[in-house]
$ cat structure26.cif   # mmCIF, C-alpha atoms and all ligand atoms
data_protein
#
loop_
_atom_site.label_atom_id
_atom_site.label_comp_id
_atom_site.auth_asym_id
_atom_site.auth_seq_id
_atom_site.Cartn_x
_atom_site.Cartn_y
_atom_site.Cartn_z
CA MET A 20 0.00 0.00 0.00
CA ALA A 21 1.21 3.56 -0.73
CA THR A 22 2.65 5.49 2.21
CA VAL A 23 0.34 8.14 3.57
CA ASP A 24 1.79 11.64 3.94
CA SER A 25 -0.94 13.04 6.16
CA PRO A 26 -3.66 10.97 7.83
CA LEU A 27 -7.36 11.70 7.55
CA PRO A 28 -8.89 13.94 10.23
CA ARG A 29 -10.45 12.26 13.29
CA HIS A 30 -13.69 10.53 12.39
CA ASP A 31 -15.79 12.77 14.67
CA ASP A 32 -14.45 15.84 12.90
CA LEU A 33 -15.20 14.34 9.50
CA LYS A 34 -18.64 13.34 10.62
CA ALA A 35 -19.43 16.87 11.72
CA ASP A 36 -19.02 17.93 8.10
CA PHE A 37 -21.85 15.66 6.91
CA PRO A 38 -25.32 16.47 8.25
CA GLY A 39 -26.73 13.45 6.40
CA LEU A 40 -24.75 11.11 8.62
CA HIS A 41 -26.42 12.23 11.85
CA GLN A 42 -29.81 10.74 11.44
CA GLU A 43 -32.27 8.37 12.85
CA ILE A 44 -34.12 7.02 9.83
CA ARG A 45 -36.89 5.94 12.16
CA PRO A 46 -37.23 6.68 15.89
CA GLY A 47 -34.37 4.90 17.63
CA VAL A 48 -32.82 3.59 14.39
CA ARG A 49 -29.51 5.24 13.53
CA LEU A 50 -28.43 5.48 9.91
CA THR A 51 -25.44 3.48 8.69
CA TYR A 52 -24.91 4.73 5.18
CA LEU A 53 -23.23 2.18 2.91
CA ASP A 54 -24.66 3.15 -0.46
CA ASN A 55 -21.92 5.53 -1.53
CA ALA A 56 -21.36 3.94 -4.95
CA ALA A 57 -24.91 5.05 -5.80
CA THR A 58 -24.42 8.54 -4.43
CA THR A 59 -22.39 10.06 -1.62
CA LEU A 60 -23.50 12.32 1.18
CA LYS A 61 -22.81 16.05 0.91
CA PRO A 62 -20.67 18.11 3.29
CA TRP A 63 -21.82 21.47 4.66
CA SER A 64 -19.43 23.36 2.39
CA VAL A 65 -21.21 21.96 -0.68
CA ILE A 66 -24.67 22.54 0.75
CA ARG A 67 -23.72 26.13 1.61
CA ALA A 68 -22.16 26.80 -1.79
CA VAL A 69 -25.36 25.71 -3.55
CA GLN A 70 -27.48 27.64 -1.08
CA ALA A 71 -25.37 30.78 -1.54
CA TYR A 72 -25.92 30.67 -5.30
CA ASP A 73 -29.66 30.08 -4.91
CA SER A 74 -30.16 32.75 -2.28
CA GLU A 75 -27.57 35.44 -3.05
CA TYR A 76 -26.80 35.45 -6.78
CA PRO A 77 -29.25 33.18 -8.59
CA ALA A 78 -28.54 34.61 -12.04
CA ASN A 79 -27.77 33.08 -15.41
CA VAL A 80 -24.14 32.88 -16.54
CA HIS A 81 -22.41 34.50 -19.51
CA ARG A 82 -25.46 36.55 -20.38
CA GLY A 83 -26.45 39.53 -18.31
CA ILE A 84 -24.01 42.35 -17.75
CA HIS A 85 -25.16 42.93 -14.22
CA ALA A 86 -23.62 42.27 -10.85
CA LEU A 87 -25.47 39.05 -10.04
CA SER A 88 -24.76 37.49 -13.41
CA GLU A 89 -21.10 38.45 -13.15
CA ARG A 90 -20.88 36.86 -9.75
CA ALA A 91 -22.61 33.70 -10.98
CA THR A 92 -20.30 33.52 -14.00
CA GLU A 93 -17.23 33.99 -11.81
CA ALA A 94 -18.27 31.23 -9.41
CA TYR A 95 -19.24 28.89 -12.24
CA GLU A 96 -15.93 29.37 -14.06
CA ALA A 97 -13.93 29.16 -10.83
CA ALA A 98 -15.54 25.76 -10.23
CA ARG A 99 -14.39 24.67 -13.68
CA GLU A 100 -10.82 25.72 -12.81
CA THR A 101 -10.96 23.81 -9.52
CA VAL A 102 -12.08 20.65 -11.32
CA ALA A 103 -9.43 21.10 -14.03
CA ARG A 104 -6.67 21.26 -11.39
CA PHE A 105 -8.10 18.26 -9.54
CA VAL A 106 -7.85 15.93 -12.54
CA GLY A 107 -4.62 17.42 -13.90
CA ALA A 108 -6.09 18.89 -17.09
CA ALA A 109 -3.57 21.00 -18.99
CA GLU A 110 -6.17 23.64 -19.82
CA VAL A 111 -9.41 24.72 -18.20
CA GLU A 112 -11.16 24.68 -21.61
CA GLU A 113 -10.77 20.90 -21.62
CA ILE A 114 -13.41 20.65 -18.89
CA ILE A 115 -16.97 20.44 -20.23
CA TRP A 116 -19.86 20.55 -17.76
CA THR A 117 -22.36 17.78 -18.38
CA ARG A 118 -25.30 16.31 -16.48
CA GLY A 119 -23.13 13.46 -15.25
CA THR A 120 -21.00 10.53 -16.35
CA THR A 121 -23.74 9.06 -18.53
CA ASP A 122 -24.21 12.34 -20.35
CA ALA A 123 -20.44 12.77 -20.79
CA ILE A 124 -19.94 9.33 -22.36
CA ASN A 125 -22.92 9.85 -24.65
CA LEU A 126 -21.36 13.13 -25.73
CA VAL A 127 -18.17 11.36 -26.81
CA ALA A 128 -20.12 8.63 -28.61
CA GLN A 129 -22.48 11.03 -30.38
CA SER A 130 -19.83 13.54 -31.34
CA TRP A 131 -16.40 11.90 -31.70
CA GLY A 132 -17.79 8.46 -32.42
CA ARG A 133 -20.35 9.51 -35.03
CA THR A 134 -17.86 11.76 -36.78
CA PHE A 135 -14.73 9.64 -36.85
CA LEU A 136 -15.80 5.97 -36.79
CA ARG A 137 -16.46 3.94 -39.92
CA GLU A 138 -18.15 0.60 -40.58
CA GLY A 139 -16.00 -2.28 -39.30
CA ASP A 140 -14.14 -0.14 -36.75
CA GLU A 141 -13.83 -1.73 -33.33
CA ILE A 142 -14.49 -0.53 -29.80
CA VAL A 143 -12.97 -2.47 -26.92
CA LEU A 144 -14.92 -2.56 -23.64
CA THR A 145 -14.57 -4.76 -20.59
CA ASP A 146 -16.91 -7.10 -18.73
CA LEU A 147 -16.87 -4.65 -15.83
CA GLU A 148 -18.72 -1.82 -17.51
CA HIS A 149 -21.70 0.04 -16.10
CA HIS A 150 -24.53 0.38 -18.65
CA SER A 151 -23.45 4.03 -19.03
CA ASN A 152 -20.26 2.85 -20.66
CA LEU A 153 -21.95 0.16 -22.72
CA ILE A 154 -25.30 1.29 -24.10
CA PRO A 155 -23.99 4.47 -25.80
CA TRP A 156 -21.45 2.29 -27.66
CA GLN A 157 -24.06 -0.36 -28.52
CA MET A 158 -26.30 2.36 -29.97
CA LEU A 159 -23.43 3.79 -32.00
CA ALA A 160 -22.33 0.33 -33.14
CA LYS A 161 -25.80 -0.42 -34.46
CA GLU A 162 -26.01 2.86 -36.28
CA LYS A 163 -22.57 2.70 -37.87
CA GLY A 164 -21.84 -1.01 -38.22
CA LEU A 165 -19.10 -1.06 -35.58
CA ILE A 166 -17.82 -4.12 -33.73
CA LEU A 167 -17.78 -4.24 -29.93
CA ARG A 168 -15.17 -6.45 -28.28
CA PHE A 169 -15.05 -7.32 -24.60
CA ALA A 170 -12.00 -7.87 -22.44
CA GLU A 171 -12.90 -10.64 -20.03
CA ILE A 172 -12.28 -10.56 -16.30
CA THR A 173 -10.80 -13.31 -14.17
CA ASP A 174 -13.10 -15.39 -11.95
CA ASP A 175 -12.19 -13.18 -9.02
CA GLY A 176 -13.16 -10.06 -10.96
CA ARG A 177 -9.74 -8.66 -11.88
CA LEU A 178 -8.93 -7.23 -15.26
CA GLU A 179 -5.55 -8.33 -16.52
CA ASP A 180 -3.92 -6.11 -19.13
CA GLU A 181 -3.40 -9.17 -21.40
CA ALA A 182 -7.19 -9.58 -21.50
CA VAL A 183 -7.45 -6.13 -23.02
CA GLU A 184 -4.48 -6.72 -25.30
CA ARG A 185 -6.15 -9.83 -26.75
CA GLN A 186 -9.09 -7.71 -27.95
CA LEU A 187 -6.99 -5.00 -29.58
CA SER A 188 -6.47 -5.00 -33.35
CA ASP A 189 -5.56 -2.59 -36.10
CA ARG A 190 -9.28 -1.73 -36.35
CA THR A 191 -9.53 -0.69 -32.67
CA ARG A 192 -10.42 3.00 -32.55
CA ILE A 193 -11.67 3.34 -28.98
CA VAL A 194 -10.95 1.58 -25.71
CA ALA A 195 -13.72 2.53 -23.26
CA ILE A 196 -12.98 1.32 -19.76
CA THR A 197 -14.03 1.95 -16.19
CA ALA A 198 -11.36 3.08 -13.73
CA MET A 199 -13.15 1.24 -10.95
CA SER A 200 -16.05 -1.20 -11.13
CA ASN A 201 -19.20 -0.02 -9.36
CA VAL A 202 -20.07 -3.65 -8.56
CA LEU A 203 -16.85 -5.43 -7.70
CA GLY A 204 -14.74 -2.41 -6.78
CA THR A 205 -12.04 -3.68 -9.15
CA VAL A 206 -9.45 -1.05 -9.96
CA THR A 207 -8.35 -1.47 -13.57
CA PRO A 208 -4.76 -1.20 -14.86
CA LEU A 209 -5.31 2.10 -16.66
CA ASP A 210 -1.63 2.84 -17.16
CA GLU A 211 -1.02 -0.36 -19.12
CA VAL A 212 -4.31 -0.26 -21.00
CA ILE A 213 -3.73 3.33 -22.14
CA ALA A 214 -0.21 2.52 -23.36
CA MET A 215 -1.45 -0.51 -25.32
CA ALA A 216 -4.39 1.38 -26.82
CA HIS A 217 -2.22 4.30 -27.88
CA ASP A 218 0.28 1.91 -29.45
CA ARG A 219 -2.56 0.81 -31.73
CA GLY A 220 -3.60 4.39 -32.45
CA ALA A 221 -6.84 4.05 -30.45
CA ILE A 222 -8.17 6.68 -28.06
CA VAL A 223 -9.11 5.85 -24.47
CA VAL A 224 -12.38 6.87 -22.84
CA VAL A 225 -12.28 6.37 -19.08
CA ASP A 226 -15.48 6.04 -17.06
CA GLY A 227 -14.31 7.73 -13.87
CA ALA A 228 -17.65 7.77 -12.01
CA GLN A 229 -16.14 5.67 -9.21
CA GLY A 230 -12.46 6.12 -10.02
CA VAL A 231 -12.30 9.90 -9.68
CA ALA A 232 -14.26 9.75 -6.43
CA HIS A 233 -12.10 7.11 -4.80
CA HIS A 234 -8.66 7.38 -6.39
CA ALA A 235 -6.86 10.42 -7.62
CA ILE A 236 -6.93 10.29 -11.44
CA ASP A 237 -4.49 12.56 -13.25
CA VAL A 238 -5.43 12.78 -16.93
CA GLY A 239 -2.09 14.36 -17.84
CA LYS A 240 0.07 11.76 -16.13
CA LEU A 241 -2.02 8.86 -17.40
CA GLY A 242 -2.45 10.25 -20.92
CA ILE A 243 -6.24 9.83 -20.83
CA ASP A 244 -8.06 11.10 -23.92
CA PHE A 245 -11.54 11.43 -22.42
CA LEU A 246 -12.57 11.13 -18.77
CA ALA A 247 -16.20 11.17 -17.61
CA PHE A 248 -17.28 11.62 -13.98
CA SER A 249 -20.21 12.76 -11.82
CA GLY A 250 -20.47 15.33 -9.04
CA HIS A 251 -22.83 13.31 -6.88
CA LYS A 252 -20.42 10.37 -6.48
CA MET A 253 -17.82 12.65 -4.91
CA CYS A 254 -19.70 14.75 -2.36
CA GLY A 255 -21.23 17.09 -4.94
CA PRO A 256 -24.79 17.67 -6.13
CA THR A 257 -26.74 15.49 -8.53
CA GLY A 258 -27.37 16.67 -12.07
CA VAL A 259 -23.81 17.70 -12.85
CA GLY A 260 -20.72 15.96 -14.12
CA VAL A 261 -17.72 16.53 -16.30
CA LEU A 262 -16.28 15.44 -19.57
CA TYR A 263 -12.55 16.04 -19.72
CA GLY A 264 -11.24 15.81 -23.28
CA ARG A 265 -7.84 16.49 -24.77
CA ARG A 266 -8.04 19.86 -26.53
CA GLU A 267 -6.99 18.47 -29.89
CA LEU A 268 -9.83 15.94 -29.82
CA LEU A 269 -12.43 18.40 -28.57
CA GLU A 270 -11.44 20.97 -31.20
CA ALA A 271 -11.98 18.39 -33.96
CA MET A 272 -15.42 17.35 -32.69
CA PRO A 273 -18.71 18.92 -33.74
CA PRO A 274 -21.24 19.76 -31.03
CA ALA A 275 -23.59 16.90 -30.21
CA TRP A 276 -26.52 19.16 -29.30
CA GLY A 277 -27.56 22.61 -30.47
CA GLY A 278 -29.03 25.64 -28.74
CA GLY A 279 -28.12 28.96 -27.20
CA SER A 280 -24.67 29.86 -25.85
CA MET A 281 -22.77 27.36 -27.99
CA VAL A 282 -22.73 29.62 -31.06
CA THR A 283 -21.09 32.92 -32.01
CA ARG A 284 -23.04 33.82 -35.16
CA VAL A 285 -26.37 32.52 -36.33
CA THR A 286 -28.25 33.05 -39.58
CA ARG A 287 -31.40 31.39 -40.89
CA GLU A 288 -29.23 28.87 -42.64
CA GLY A 289 -26.57 27.99 -40.13
CA ALA A 290 -24.33 28.90 -37.25
CA GLU A 291 -20.71 29.19 -36.19
CA TRP A 292 -19.67 27.29 -33.11
CA ASN A 293 -18.41 28.97 -29.99
CA ASP A 294 -14.95 28.20 -28.60
CA LEU A 295 -14.23 25.44 -26.13
CA PRO A 296 -15.71 24.58 -23.74
CA TYR A 297 -18.95 26.41 -24.63
CA LYS A 298 -19.33 24.62 -27.97
CA PHE A 299 -20.50 21.60 -25.95
CA GLU A 300 -22.62 23.45 -23.39
CA PRO A 301 -25.86 24.55 -25.09
CA GLY A 302 -28.62 26.16 -23.04
CA THR A 303 -28.53 27.19 -19.42
CA PRO A 304 -26.04 24.91 -17.71
CA PRO A 305 -26.46 23.35 -14.25
CA ILE A 306 -25.06 26.47 -12.57
CA ALA A 307 -25.79 25.78 -8.90
CA GLN A 308 -24.70 22.18 -9.34
CA ALA A 309 -21.43 23.07 -11.04
CA ILE A 310 -20.64 25.53 -8.25
CA GLY A 311 -21.50 22.77 -5.77
CA MET A 312 -19.24 20.31 -7.59
CA GLY A 313 -16.41 22.84 -7.39
CA ALA A 314 -17.00 23.09 -3.63
CA ALA A 315 -16.98 19.28 -3.40
CA VAL A 316 -13.64 19.09 -5.18
CA GLU A 317 -12.23 21.77 -2.88
CA TYR A 318 -13.48 19.78 0.09
CA LEU A 319 -11.89 16.55 -1.16
CA SER A 320 -8.66 18.32 -2.09
CA GLN A 321 -7.88 19.00 1.58
CA PHE A 322 -7.22 15.27 2.08
CA ASP A 323 -4.16 13.29 1.10
CA ALA A 324 -5.43 11.07 -1.73
CA LYS A 325 -3.28 8.21 -0.42
CA ALA A 326 -4.94 8.50 2.99
CA LEU A 327 -8.37 8.16 1.38
CA ILE A 328 -7.27 5.03 -0.46
CA ALA A 329 -5.60 3.59 2.65
CA HIS A 330 -8.75 4.18 4.70
CA GLU A 331 -10.96 2.35 2.21
CA ARG A 332 -8.43 -0.45 2.05
CA GLN A 333 -8.58 -0.80 5.81
CA LEU A 334 -12.39 -0.85 5.68
CA MET A 335 -12.35 -3.55 2.99
CA ASP A 336 -9.79 -5.67 4.88
CA HIS A 337 -12.08 -5.50 7.88
CA ALA A 338 -15.27 -6.14 5.86
CA HIS A 339 -13.78 -9.15 4.06
CA ARG A 340 -12.70 -10.68 7.39
CA LEU A 341 -16.19 -10.18 8.82
CA MET A 342 -18.01 -11.63 5.82
CA GLU A 343 -15.67 -14.59 5.50
CA ASP A 344 -16.83 -15.55 8.98
CA ILE A 345 -20.51 -15.65 8.02
CA PRO A 346 -21.54 -18.99 6.48
CA GLY A 347 -23.36 -18.63 3.16
CA VAL A 348 -21.89 -15.22 2.26
CA ARG A 349 -19.88 -15.12 -0.97
CA ILE A 350 -17.95 -11.97 -1.73
CA LEU A 351 -17.92 -11.13 -5.42
CA GLY A 352 -14.77 -9.72 -6.92
CA PRO A 353 -11.14 -9.40 -5.93
CA SER A 354 -9.31 -9.19 -2.62
CA PRO A 355 -9.02 -5.73 -1.04
CA ASP A 356 -5.58 -5.07 -2.56
CA HIS A 357 -7.14 -4.99 -6.05
CA LYS A 358 -10.16 -2.86 -5.34
CA GLY A 359 -11.70 0.27 -3.82
CA GLY A 360 -14.29 0.40 -1.06
CA ILE A 361 -17.04 -1.71 -2.61
CA LEU A 362 -18.26 -5.00 -1.21
CA SER A 363 -20.76 -6.94 -3.32
CA MET A 364 -22.15 -10.18 -2.03
CA ASP A 365 -24.23 -13.15 -2.98
CA ILE A 366 -25.90 -14.67 0.05
CA GLU A 367 -27.00 -18.26 -0.26
CA SER A 368 -30.29 -18.15 1.59
CA VAL A 369 -31.44 -14.52 1.27
CA HIS A 370 -32.39 -12.68 -1.91
CA PRO A 371 -30.54 -9.34 -2.20
CA HIS A 372 -33.79 -7.35 -2.21
CA ASP A 373 -35.01 -9.09 0.95
CA LEU A 374 -31.62 -8.50 2.50
CA ALA A 375 -31.63 -4.78 1.67
CA GLN A 376 -35.11 -4.42 3.20
CA LEU A 377 -34.17 -6.25 6.37
CA LEU A 378 -30.97 -4.25 6.69
CA ASP A 379 -32.93 -1.05 6.29
CA ARG A 380 -34.97 -2.00 9.35
CA GLU A 381 -31.70 -1.80 11.29
CA GLY A 382 -30.76 1.48 9.60
CA VAL A 383 -28.15 -0.04 7.29
CA ALA A 384 -28.48 1.39 3.79
CA ILE A 385 -27.10 -0.82 1.02
CA ARG A 386 -28.06 -1.48 -2.59
CA ALA A 387 -29.66 -4.58 -4.09
CA GLY A 388 -30.03 -5.41 -7.76
CA GLN A 389 -27.81 -5.39 -10.81
CA HIS A 390 -26.38 -1.92 -10.22
CA CYS A 391 -26.72 -1.07 -13.94
CA ALA A 392 -24.29 -3.86 -14.79
CA MET A 393 -26.35 -6.76 -16.15
CA PRO A 394 -23.63 -8.37 -18.29
CA LEU A 395 -21.33 -8.46 -15.27
CA HIS A 396 -24.00 -10.26 -13.23
CA GLN A 397 -24.56 -12.65 -16.13
CA ARG A 398 -20.82 -13.38 -16.04
CA TYR A 399 -21.35 -14.66 -12.48
CA GLY A 400 -24.66 -16.37 -13.26
CA LEU A 401 -26.50 -14.03 -10.89
CA MET A 402 -29.80 -12.18 -11.19
CA ALA A 403 -28.75 -9.65 -8.55
CA SER A 404 -26.28 -8.92 -5.78
CA ALA A 405 -26.18 -6.98 -2.52
CA ARG A 406 -23.71 -4.11 -2.51
CA ALA A 407 -22.30 -2.21 0.47
CA SER A 408 -20.12 0.68 -0.61
CA ALA A 409 -17.95 2.89 1.56
CA TYR A 410 -16.52 6.37 1.47
CA PHE A 411 -13.94 8.03 3.66
CA TYR A 412 -16.49 8.97 6.34
CA ASN A 413 -17.35 5.32 6.96
CA THR A 414 -15.79 3.37 9.80
CA THR A 415 -15.06 -0.24 10.66
CA GLU A 416 -18.01 0.00 13.10
CA ASP A 417 -20.31 0.63 10.13
CA PHE A 418 -19.21 -2.71 8.71
CA ASP A 419 -19.63 -4.35 12.13
CA ARG A 420 -23.24 -3.16 12.04
CA LEU A 421 -23.61 -4.47 8.49
CA ALA A 422 -22.27 -7.89 9.47
CA GLU A 423 -24.56 -8.09 12.48
CA ALA A 424 -27.59 -7.13 10.40
CA ILE A 425 -26.67 -9.73 7.75
CA ARG A 426 -26.44 -12.39 10.47
CA HIS A 427 -29.92 -11.38 11.70
CA ALA A 428 -31.32 -11.62 8.15
CA ILE A 429 -29.82 -15.06 7.59
CA GLU A 430 -31.20 -16.27 10.94
CA LEU A 431 -34.64 -14.89 10.16
CA PHE A 432 -34.77 -16.73 6.85
CA ARG A 433 -33.43 -19.92 8.46
CA ASP A 434 -36.18 -19.74 11.11
CA ARG A 435 -38.86 -19.12 8.49
CA ARG A 436 -37.67 -22.06 6.44
CA SER A 437 -37.56 -24.42 9.40
CA ARG A 438 -41.05 -23.29 10.51
CA ARG A 439 -42.37 -24.00 7.00
CA SER A 440 -40.76 -27.43 6.79
CA GLY A 441 -41.56 -28.26 10.46
C1 LIG B 1 -18.92 3.07 -12.87
C2 LIG B 1 -20.09 3.95 -13.15
N1 LIG B 1 -20.22 4.47 -14.37
C3 LIG B 1 -21.23 5.31 -14.69
C4 LIG B 1 -22.18 5.63 -13.77
C5 LIG B 1 -23.29 6.56 -14.16
O1 LIG B 1 -23.19 7.77 -13.45
P1 LIG B 1 -24.34 8.84 -13.53
O2 LIG B 1 -25.61 8.13 -13.17
O3 LIG B 1 -23.95 9.87 -12.50
O4 LIG B 1 -24.38 9.38 -14.91
C6 LIG B 1 -22.13 5.09 -12.48
C7 LIG B 1 -23.18 5.34 -11.49
O5 LIG B 1 -23.52 4.47 -10.72
C8 LIG B 1 -21.02 4.24 -12.17
O6 LIG B 1 -20.89 3.73 -10.95
#
$ encode --input "structure26.cif" --output "structure tokens" --more "lines below"
Ligand SMILES: Cc1ncc(COP(=O)(O)O)c(C=O)c1O
Amino acid sequence: MATVDSPLPRHDDLKADFPGLHQEIRPGVRLTYLDNAATTLKPWSVIRAVQAYDSEYPANVHRGIHALSERATEAYEAARETVARFVGAAEVEEIIWTRGTTDAINLVAQSWGRTFLREGDEIVLTDLEHHSNLIPWQMLAKEKGLILRFAEITDDGRLEDEAVERQLSDRTRIVAITAMSNVLGTVTPLDEVIAMAHDRGAIVVVDGAQGVAHHAIDVGKLGIDFLAFSGHKMCGPTGVGVLYGRRELLEAMPPAWGGGSMVTRVTREGAEWNDLPYKFEPGTPPIAQAIGMGAAVEYLSQFDAKALIAHERQLMDHAHRLMEDIPGVRILGPSPDHKGGILSMDIESVHPHDLAQLLDREGVAIRAGQHCAMPLHQRYGLMASARASAYFYNTTEDFDRLAEAIRHAIELFRDRRSRRSG
């Protein structure tokens, strides 16, 4: 594990930043929030940043020449700069505000993909992908006669770089890959995959919805061509996300959607596109949300990225030990040294939906279902799984509570079964 330069603040101090953590979801039932892969809780600084926009300067950006609009524009563009620094973008114009990861990946598919891909071209994906990094490519493939290839994972949910290499060919134009699986937590070997893809002349689209939130991703150092991520997975508001794109690629792309603000001159017949990043931001953008995402990034930036990773690793070590002690619980995916803070399980005697409901009675919030990753569940022959996902404000005690609640659920189902058969 990487050495930590400065440890995380004391848990009580961290907890004070998150009003959502201090709750009884029903009288006497304290919340244990373990659904962070779906969305994270928001710290006060984010809540206040959004509130300040809404209450003090709720104006549109880039339009009015009046004090409120100037203030809104300044805050909105400052947030863009904060995000650009956070992911190591060379230029602030390479940061496009979107509605989220899904929107960002669709933008690449509909603009770069539609413009530059030809029949027979190949896109390499992996078995780990969220539907957001699958369906946009399937739609494009159907439209343009492209071929999708899939790098397979190992039985324990790891992605080996050779598995990606086997799918690459001279027709590969895009490798679209998650940085971290939202089901198994698997962290993918981006460095190697990017080098191999570039060797073949392919571009790399990284789904960073989980990766950016849990691991520092530096687009410059890694040589990423496109990176998509969402505000709400990293302490920010919903409804906002980012597409990072290398300037050269973005410059060559046409806008995917038309409207106001993305043009400089319009006639009845046509229009001239605005400069980056506005070419890709038609209409009124998610102003409050972008400002909130900037505040979220500032909040996260105060922590040593290695300390965040080390904390999740410690939580996963603990969680794996606890679950390995419970008969009938199978952990899906790799050991903690190959993943971030996500623990997905298949429990022999309890359906994931029943489990999630029973856990909720004890205040433990987890997710049940396919987590928008049906092919990955098919790979394991499962209809659904139960997922507990951590963030830096979670503690080992949260996982103790999870383990206890799982034991109660298993006992309840055992009792019901023996009553039925008895
Ligand atoms: C790995 C991954 N990719 C993409 C997405 C989609 O993100 P959003 O719904 O914010 O667009 C998610 C959300 O769960 C995710 O976990």
$ closest_residue --input "structure26.cif" --among "A:Gly164, A:Gly39, A:Pro28, A:Pro155" --to "ligand LIG 1 (chain B)" --atoms "only C-alpha atoms and all ligand atoms"
A:Pro155
$ closest_atom_pairs --input "structure26.cif" --of "chain A" --to "ligand LIG 1 (chain B)" --cutoff "10 Å" --atoms "only C-alpha atoms and all ligand atoms" --output "tab-separated table"
residue	atom	partner	partner_atom	distance
A:Asn55	CA	B:LIG1	O5	9.4
A:Ala56	CA	B:LIG1	O6	6.0
A:Ala57	CA	B:LIG1	O5	5.1
A:Thr58	CA	B:LIG1	O5	7.5
A:Thr117	CA	B:LIG1	O4	9.3
A:Arg118	CA	B:LIG1	O4	7.2
A:Gly119	CA	B:LIG1	O4	4.3
A:Thr120	CA	B:LIG1	O4	3.8
A:Thr121	CA	B:LIG1	O4	3.7
A:Asp122	CA	B:LIG1	O4	6.2
A:Ala123	CA	B:LIG1	O4	7.8
A:Ile124	CA	B:LIG1	O4	8.7
A:Asn125	CA	B:LIG1	O4	9.9
A:Leu147	CA	B:LIG1	C1	8.5
A:Glu148	CA	B:LIG1	C1	6.7
A:His149	CA	B:LIG1	N1	5.0
A:His150	CA	B:LIG1	C3	7.1
A:Ser151	CA	B:LIG1	C3	5.0
A:Asn152	CA	B:LIG1	N1	6.5
A:Leu153	CA	B:LIG1	N1	9.6
A:Ile196	CA	B:LIG1	C1	9.3
A:Thr197	CA	B:LIG1	C1	6.0
A:Ala198	CA	B:LIG1	C1	7.6
A:Met199	CA	B:LIG1	C1	6.4
A:Ser200	CA	B:LIG1	C1	5.4
A:Asn201	CA	B:LIG1	O6	4.4
A:Val202	CA	B:LIG1	O6	7.8
A:Gly204	CA	B:LIG1	C1	9.2
A:Val225	CA	B:LIG1	N1	9.4
A:Asp226	CA	B:LIG1	N1	5.7
A:Gly227	CA	B:LIG1	C1	6.6
A:Ala228	CA	B:LIG1	C2	4.7
A:Gln229	CA	B:LIG1	C1	5.3
A:Gly230	CA	B:LIG1	C1	7.7
A:Ala247	CA	B:LIG1	C3	8.3
A:Phe248	CA	B:LIG1	O3	7.1
A:Ser249	CA	B:LIG1	O3	4.8
A:Gly250	CA	B:LIG1	O3	7.3
A:His251	CA	B:LIG1	O3	6.7
A:Lys252	CA	B:LIG1	O3	7.0
A:Thr257	CA	B:LIG1	O3	7.4
A:Gly258	CA	B:LIG1	O3	7.6
A:Val259	CA	B:LIG1	O3	7.8
A:Gly260	CA	B:LIG1	O3	7.1
A:Val261	CA	B:LIG1	O4	9.9
A:His390	CA	B:LIG1	O5	7.0
A:Cys391	CA	B:LIG1	O5	7.2
A:Ala392	CA	B:LIG1	C1	9.0
$ closest_residue --input "structure26.cif" --among "A:Val102, A:Ala170, A:Val127, A:Ala407" --to "Met272 in chain A" --atoms "only C-alpha atoms"
A:Val127
$ residues_around --input "structure26.cif" --residues "Asp419 in chain A" --least-positions-apart "2" --cutoff "12 Å" --atoms "all atoms listed in the file" --output "PyMOL selection string"
chain A and resi 51+53+334-335+337-342+344+383+413-417+421-426
$ atom_distance --input "structure26.cif" --atom1 "CA of Ala324 in chain A" --atom2 "CA of Asp54 in chain A"
20.8 Å
$ residues_around --input "structure26.cif" --residues "Leu27 in chain A" --least-positions-apart "2" --cutoff "7 Å" --atoms "only C-alpha atoms" --output "PyMOL selection string"
chain A and resi 25+29+322+326
$ residues_around --input "structure26.cif" --residues "Gly302 in chain A" --least-positions-apart "2" --cutoff "9 Å" --atoms "all atoms listed in the file" --output "list in words"
Gly277, Gly278, Gly279, Ser280, Met281, Glu300 and Pro304 of chain A
$ closest_residue --input "structure26.cif" --among "A:Arg265, A:Lys325, A:Arg177, A:Arg82" --to "Pro296 in chain A" --atoms "all atoms listed in the file"
A:Arg265
$ atom_distance --input "structure26.cif" --atom1 "CA of Lys61 in chain A" --atom2 "CA of Glu75 in chain A"
20.4 Å
$ atom_distance --input "structure26.cif" --atom1 "CA of Arg192 in chain A" --atom2 "CA of Trp131 in chain A"
10.8 Å
$ closest_residue --input "structure26.cif" --among "A:Ser437, A:Gln308, A:Thr145, A:Thr205" --to "Arg99 in chain A" --atoms "all atoms listed in the file"
A:Gln308
$ closest_residue --input "structure26.cif" --among "A:Val369, A:Tyr412, A:His234, A:Gly388" --to "Asp32 in chain A" --atoms "only C-alpha atoms"
A:Tyr412
$ closest_residue --input "structure26.cif" --among "A:Leu319, A:Ile114, A:Ala86, A:Ala103" --to "Asp36 in chain A" --atoms "only C-alpha atoms"
A:Leu319
